Amino acid sequence: MVLGLAAVAFTGCKSLYGKYERPDVNTKGIVRDVNSLTDTLAVSDTASFGNLPWRSVFTDPQLQSLIQKGLDNNPDLLNAALNVKMAESQLKVAKLAFVPAFNFSPQGTITSWDGNKAVKTYSLPINASWSIDLFGNLLSQKRSAQMALIGTKDYQLVVKTKIISNIANMYYTLLMLDSQLRVVTDMQNLTKETWELMKIQHELSRGVRSTAVQSAEANYYSTQAQAADLRRQIRETENSLSLILGQPAQTIARGSLEAQSLPTSFSTGIAIKMLNNRPDVHYAEMELAQNFYNVETARSKFYPNITISGSGAYTNSGGMGIVNPGKILLSAVGSLTQPIFQHGQIVAGLKVAKMKYEQSYNSWQNSILSAGSEVSNALVLYNSSDEKSKLEEKQIAVLKKNVEDTKLLLSSAGSTYLEVITAEQSLLNAELSKIADDFYKMQAVVNLYYALGGGTK
């Protein structure tokens, strides 16, 4: 009777055994062409920048050492590794649900009635129960646990990629601040020379007023203040980087901005293939798959639960008229539980599972669009910064000549103090801007590395 009902129900629940298949998702035009306001990127190279391991992207030996230290010591990454182990344990539990459960509960009693001789009885029972998974309840739970494990490993990669990117960004920030500090220090010496020159011109009564000397002095102090601010930023960045590395705040050994060598051309691939290495996108899809199987689990609760139970005991129980020696007692029971009315809990559970599946689909779609946007932003940042840096290099050459010429003219009263100070400030601003744009190029490479999933290793 039980097996007959099960067979009838089984013919109507084949969908409970379905496997997750990737649904359609919008990937059209997710990356914009950097040279067009309307076109989308349409390259089809299989050799993608996103497939490069981090050591091939970040070649500075000191940076590589810092990244490795961060991967070894960062507490967030260590915790992510523990999450993977916990997910593996949960998957083992889900797999063991297919195996019969055994319990051993020995018992012994001593009884005496009205002062008569005590009677000793004992029982050594072993109980077993086995849930027959005809309707996919255990299977869908196991598959959901498998997706959870894959998703947890993806999250571990998310943390790893983020750590690598943050370390690289902070390292390049330090190189930028170092270069800016050198430029400001050089300008500090230059403004001091200008101030001293104007003092001499004023003392010799060569047309330089006291206000000009004051302006030159103020300009000198302004560069000193800039240098002090840059030293503060360097110290704070070192402290933040030390925290990521899992070490006390300390000085960070580093190279120079000019010595860096990073990739300059990028083949990014297209559509969803471009994001194959992106762990957070894959993590979002694994959540979708997990919720797909959760829907199947919720649907399976409408079907009967079939359990076979058995027990065996070695006993001398007087209940069977056996006093000694002990005997073996065996029994087996089959049961079927068919839910009829559960206060709407099963129906509500299915509805909630379906809505969570829809939510995870929306999150997955959004993660793909966000990833495409980040790739677009990284590419446009690199190209615009590269263009600006080349123009600023020409601007700096002109401004250096302008500073020299205005100082010579000042000596012959052919120029005013305002022209000299303005020329020096313009030169300083241009040099600081070029350093910043060179840094933005490096930051764009880091951002692109992260946006494409952080490479293969």
# chains A, B, ... in the order shown; residues from 1 in each chain; ligands from 1
call {"tool": "residues_around", "arguments": {"residues": "region 68-81 of chain A", "least_positions_apart": "5", "cutoff": "7 Å", "atoms": "only C-alpha atoms", "output": "list in words"}}
result
Gln156, Val159, Lys160, Ile244, Leu245 and Gly246 of chain A
call {"tool": "residues_around", "arguments": {"residues": "Ala289 (chain A)", "least_positions_apart": "5", "cutoff": "10 Å", "atoms": "only C-alpha atoms", "output": "JSON, numbers by chain"}}
result
{"A": [19, 20, 21, 22, 143, 144, 146, 147, 148, 151, 283, 284, 294, 295, 357, 360, 361]}
call {"tool": "atom_distance", "arguments": {"atom1": "CA of Leu174 (chain A)", "atom2": "CA of Gln247 (chain A)"}}
result
17.4 Å
call {"tool": "residues_around", "arguments": {"residues": "Ser179 (chain A)", "least_positions_apart": "3", "cutoff": "10 Å", "atoms": "only C-alpha atoms", "output": "list in words"}}
result
Thr173, Leu174, Leu175, Met176, Arg182, Val183, Val184, Thr185, Ser256, Leu257, Glu258, Glu431, Leu432, Ile435 and Ala436 of chain A
call {"tool": "residues_around", "arguments": {"residues": "region 419-424 of chain A", "least_positions_apart": "5", "cutoff": "10 Å", "atoms": "only C-alpha atoms", "output": "PyMOL selection string"}}
result
chain A and resi 187+190-191+194-195+212+215-216+219-220+399-410+429-430
call {"tool": "closest_residue", "arguments": {"among": "A:Val213, A:Ile126, A:Ile150, A:Ile252", "to": "Glu88 (chain A)", "atoms": "only C-alpha atoms"}}
result
A:Ile150
call {"tool": "atom_distance", "arguments": {"atom1": "CA of Leu52 (chain A)", "atom2": "CA of Met442 (chain A)"}}
result
16.0 Å
call {"tool": "atom_distance", "arguments": {"atom1": "CA of Leu243 (chain A)", "atom2": "CA of Thr59 (chain A)"}}
result
22.5 Å
